[in-house]
file target-v5.cif (mmCIF, C-alpha atoms)
data_upload
#
loop_
_atom_site.group_PDB
_atom_site.id
_atom_site.type_symbol
_atom_site.label_atom_id
_atom_site.label_comp_id
_atom_site.auth_asym_id
_atom_site.auth_seq_id
_atom_site.Cartn_x
_atom_site.Cartn_y
_atom_site.Cartn_z
ATOM 1 C CA MET E 259 0.000 0.000 0.000
ATOM 2 C CA SER E 260 3.011 2.303 0.024
ATOM 3 C CA GLU E 261 4.098 4.714 -2.660
ATOM 4 C CA ALA E 262 7.707 4.778 -3.867
ATOM 5 C CA SER E 263 10.210 6.603 -1.679
ATOM 6 C CA PRO E 264 13.974 6.968 -1.540
ATOM 7 C CA PRO E 265 15.770 3.813 -0.349
ATOM 8 C CA GLY E 266 15.963 3.585 3.412
ATOM 9 C CA GLN E 267 13.104 6.037 4.002
ATOM 10 C CA PRO E 268 9.534 5.126 4.916
ATOM 11 C CA ALA E 269 6.945 5.639 2.181
ATOM 12 C CA ILE E 270 3.649 7.474 2.188
ATOM 13 C CA ASP E 271 0.923 4.874 2.691
ATOM 14 C CA ALA E 272 -1.758 5.402 0.044
ATOM 15 C CA ALA E 273 -4.305 3.533 2.170
ATOM 16 C CA ILE E 274 -4.169 6.147 4.932
ATOM 17 C CA ASN E 275 -2.953 9.187 3.008
ATOM 18 C CA HIS E 276 -6.443 10.672 2.588
ATOM 19 C CA PRO E 277 -7.126 13.105 5.470
ATOM 20 C CA THR E 278 -10.323 11.349 6.584
ATOM 21 C CA ARG E 279 -8.710 7.914 6.672
ATOM 22 C CA LEU E 280 -5.713 9.389 8.456
ATOM 23 C CA ALA E 281 -8.020 10.987 11.049
ATOM 24 C CA VAL E 282 -9.735 7.642 11.700
ATOM 25 C CA VAL E 283 -6.441 5.777 12.044
ATOM 26 C CA ALA E 284 -4.936 8.499 14.245
ATOM 27 C CA PHE E 285 -8.015 8.511 16.497
ATOM 28 C CA LEU E 286 -7.867 4.739 16.899
ATOM 29 C CA SER E 287 -4.123 4.818 17.577
ATOM 30 C CA ALA E 288 -4.851 6.482 20.921
ATOM 31 C CA CYS E 289 -7.067 3.691 22.263
ATOM 32 C CA ASP E 290 -7.423 -0.071 22.346
ATOM 33 C CA GLU E 291 -10.792 0.146 20.616
ATOM 34 C CA ALA E 292 -13.604 2.645 20.168
ATOM 35 C CA ASP E 293 -17.276 2.348 19.393
ATOM 36 C CA PHE E 294 -18.368 3.280 15.883
ATOM 37 C CA ALA E 295 -20.333 6.350 17.014
ATOM 38 C CA SER E 296 -17.370 7.817 18.913
ATOM 39 C CA VAL E 297 -15.094 7.475 15.895
ATOM 40 C CA ARG E 298 -17.787 8.882 13.592
ATOM 41 C CA ASP E 299 -18.428 11.890 15.815
ATOM 42 C CA SER E 300 -14.775 12.651 16.511
ATOM 43 C CA CYS E 301 -13.783 12.415 12.846
ATOM 44 C CA GLN E 302 -16.929 14.290 11.749
ATOM 45 C CA VAL E 303 -17.957 11.806 9.068
ATOM 46 C CA SER E 304 -21.251 10.167 8.170
ATOM 47 C CA ASP E 305 -22.124 6.592 9.074
ATOM 48 C CA SER E 306 -21.766 5.529 5.447
ATOM 49 C CA MET E 307 -18.366 7.223 5.048
ATOM 50 C CA LEU E 308 -16.988 5.614 8.201
ATOM 51 C CA SER E 309 -18.436 2.264 7.168
ATOM 52 C CA LYS E 310 -16.634 2.478 3.801
ATOM 53 C CA ILE E 311 -13.374 3.521 5.453
ATOM 54 C CA ALA E 312 -13.645 0.744 8.042
ATOM 55 C CA SER E 313 -14.340 -1.876 5.372
ATOM 56 C CA ALA E 314 -11.399 -0.742 3.248
ATOM 57 C CA LEU E 315 -8.978 -0.660 6.182
ATOM 58 C CA GLU E 316 -10.244 -3.980 7.508
ATOM 59 C CA GLY E 317 -9.734 -5.483 4.052
ATOM 60 C CA ILE E 318 -6.033 -4.657 4.080
ATOM 61 C CA GLY E 319 -5.537 -5.732 7.678
ATOM 62 C CA TYR E 320 -5.168 -2.305 9.294
ATOM 63 C CA LEU E 321 -8.435 -2.330 11.227
ATOM 64 C CA GLY E 322 -10.313 -4.807 13.371
ATOM 65 C CA VAL E 323 -14.106 -4.714 13.580
ATOM 66 C CA ARG E 324 -15.978 -6.302 16.471
ATOM 67 C CA LYS E 325 -19.751 -6.504 16.589
ATOM 68 C CA GLY E 326 -21.824 -7.149 19.666
ATOM 69 C CA TYR E 327 -24.648 -5.835 21.787
ATOM 70 C CA VAL E 328 -25.049 -3.392 24.628
ATOM 71 C CA GLY E 329 -28.295 -4.528 26.151
ATOM 72 C CA LYS E 330 -30.472 -5.259 23.152
ATOM 73 C CA ARG E 331 -28.833 -2.680 20.910
ATOM 74 C CA PRO E 332 -26.278 -3.749 18.319
ATOM 75 C CA ARG E 333 -22.900 -2.035 18.519
ATOM 76 C CA THR E 334 -19.742 -2.003 16.450
ATOM 77 C CA TRP E 335 -16.273 -1.379 17.826
ATOM 78 C CA LEU E 336 -13.214 -0.503 15.760
ATOM 79 C CA SER E 337 -9.560 -1.021 16.607
ATOM 80 C CA LEU E 338 -6.209 -0.738 14.878
ATOM 81 C CA THR E 339 -4.359 -3.971 14.273
ATOM 82 C CA PRO E 340 -0.619 -4.137 14.936
ATOM 83 C CA GLU E 341 -0.175 -3.761 11.156
ATOM 84 C CA GLY E 342 -2.344 -0.638 11.214
ATOM 85 C CA ARG E 343 -0.318 0.861 14.056
ATOM 86 C CA GLN E 344 2.920 0.143 12.198
ATOM 87 C CA ALA E 345 1.496 1.601 8.973
ATOM 88 C CA LEU E 346 0.557 4.814 10.805
ATOM 89 C CA ALA E 347 4.009 5.104 12.384
ATOM 90 C CA LEU E 348 5.729 4.626 9.021
ATOM 91 C CA HIS E 349 3.331 7.042 7.309
ATOM 92 C CA ILE E 350 4.023 9.735 9.912
ATOM 93 C CA ALA E 351 7.763 9.121 9.586
ATOM 94 C CA ALA E 352 7.466 9.542 5.814
ATOM 95 C CA LEU E 353 5.572 12.817 6.225
ATOM 96 C CA GLN E 354 8.170 14.063 8.699
ATOM 97 C CA GLY E 355 10.919 13.106 6.251
ATOM 98 C CA ILE E 356 9.235 15.026 3.447
ATOM 99 C CA ALA E 357 8.838 18.082 5.681
ATOM 100 C CA ALA E 358 12.446 17.900 6.892
ATOM 101 C CA THR E 359 13.784 17.566 3.338
ATOM 102 C CA ALA E 360 11.678 20.523 2.185
ATOM 103 C CA ARG E 361 12.757 22.671 5.157
ATOM 104 C CA GLN E 362 16.398 21.861 4.477
ATOM 105 C CA ALA E 363 16.027 22.659 0.776
ATOM 106 C CA GLY E 364 14.371 25.958 1.679
ATOM 107 C CA ALA E 365 17.105 26.798 4.155
ATOM 108 C CA ASP E 366 19.786 25.916 1.601
ATOM 109 C CA ALA E 367 18.093 28.028 -1.087
ATOM 110 C CA GLY E 368 17.711 30.963 1.297
ATOM 111 C CA ALA E 369 21.356 30.759 2.306
ATOM 112 C CA THR E 370 22.601 30.821 -1.282
ATOM 113 C CA ALA E 371 20.199 33.430 -2.731
ATOM 114 C CA PRO E 372 21.624 36.880 -3.478
ATOM 115 C CA ALA E 373 20.761 39.468 -0.807
ATOM 116 C CA GLY E 374 18.251 41.321 -2.997
ATOM 117 C CA ASP E 375 16.305 38.166 -3.926
ATOM 118 C CA HIS E 376 14.699 37.510 -0.513
#

call {"tool": "encode", "arguments": {"input": "target-v5.cif", "output": "structure tokens"}}
result
Amino acid sequence: MSEASPPGQPAIDAAINHPTRLAVVAFLSACDEADFASVRDSCQVSDSMLSKIASALEGIGYLGVRKGYVGKRPRTWLSLTPEGRQALALHIAALQGIAATARQAGADAGATAPAGDH
């Protein structure tokens, strides 16, 4: 699920690169599991959008889905798998690498630009 990156550097993960998917994965990274409604409300998405995201991430092994009941009401809980947690960590590392490379390039360009070109 990763895009190409320089050797030795983590790659952007296309499966969680979209901001909404990233928000869901990041939310779940802070807990063992969360009920569907809590994730939906925190990430400000519709039921159908979260359902699609959960299905896609479950399909690639990043998300676990547990169904059960609270009283007589059906409930769904979502959790990150170890693979999902690792994917998030590598994705964040890739983003940090991109930002660091860009900052360094900007600093280098600023240091070598003629005084009147700032």

call {"tool": "atom_distance", "arguments": {"input": "target-v5.cif", "atom1": "CA of Trp335 (chain E)", "atom2": "CA of Asn275 (chain E)"}}
result
22.6 Å

call {"tool": "atom_distance", "arguments": {"input": "target-v5.cif", "atom1": "CA of Cys301 (chain E)", "atom2": "CA of Ala281 (chain E)"}}
result
6.2 Å

call {"tool": "closest_residue", "arguments": {"input": "target-v5.cif", "among": "E:Gln267, E:Ser309, E:Thr278, E:Thr359", "to": "Leu336 (chain E)", "atoms": "all atoms listed in the file"}}
result
E:Ser309

call {"tool": "residues_around", "arguments": {"input": "target-v5.cif", "residues": "Ile274 (chain E)", "least_positions_apart": "4", "cutoff": "8 Å", "atoms": "only C-alpha atoms", "output": "list in words"}}
result
Arg279, Leu280, Val283, Leu346 and His349 of chain E

call {"tool": "atom_distance", "arguments": {"input": "target-v5.cif", "atom1": "CA of Ser306 (chain E)", "atom2": "CA of Ala347 (chain E)"}}
result
26.7 Å

call {"tool": "resolve_selection", "arguments": {"input": "target-v5.cif", "expression": "the PyMOL selection byres ((chain E and resi 325) around 12)", "output": "PyMOL selection string"}}
result
chain E and resi 291-294+322-324+326-328+331-337

call {"tool": "residues_around", "arguments": {"input": "target-v5.cif", "residues": "Val297 (chain E)", "least_positions_apart": "5", "cutoff": "9 Å", "atoms": "all atoms listed in the file", "output": "ChimeraX atom specification"}}
result
/E:282,285-286,292,302-303,308,336

call {"tool": "residues_around", "arguments": {"input": "target-v5.cif", "residues": "Tyr320 (chain E)", "least_positions_apart": "2", "cutoff": "6 Å", "atoms": "all atoms listed in the file", "output": "list in words"}}
result
Leu315, Glu316, Ile318, Leu338, Thr339, Glu341 and Gly342 of chain E

call {"tool": "closest_residue", "arguments": {"input": "target-v5.cif", "among": "E:Ala351, E:Ile311, E:Gln362, E:Ser296", "to": "Pro277 (chain E)", "atoms": "all atoms listed in the file"}}
result
E:Ile311
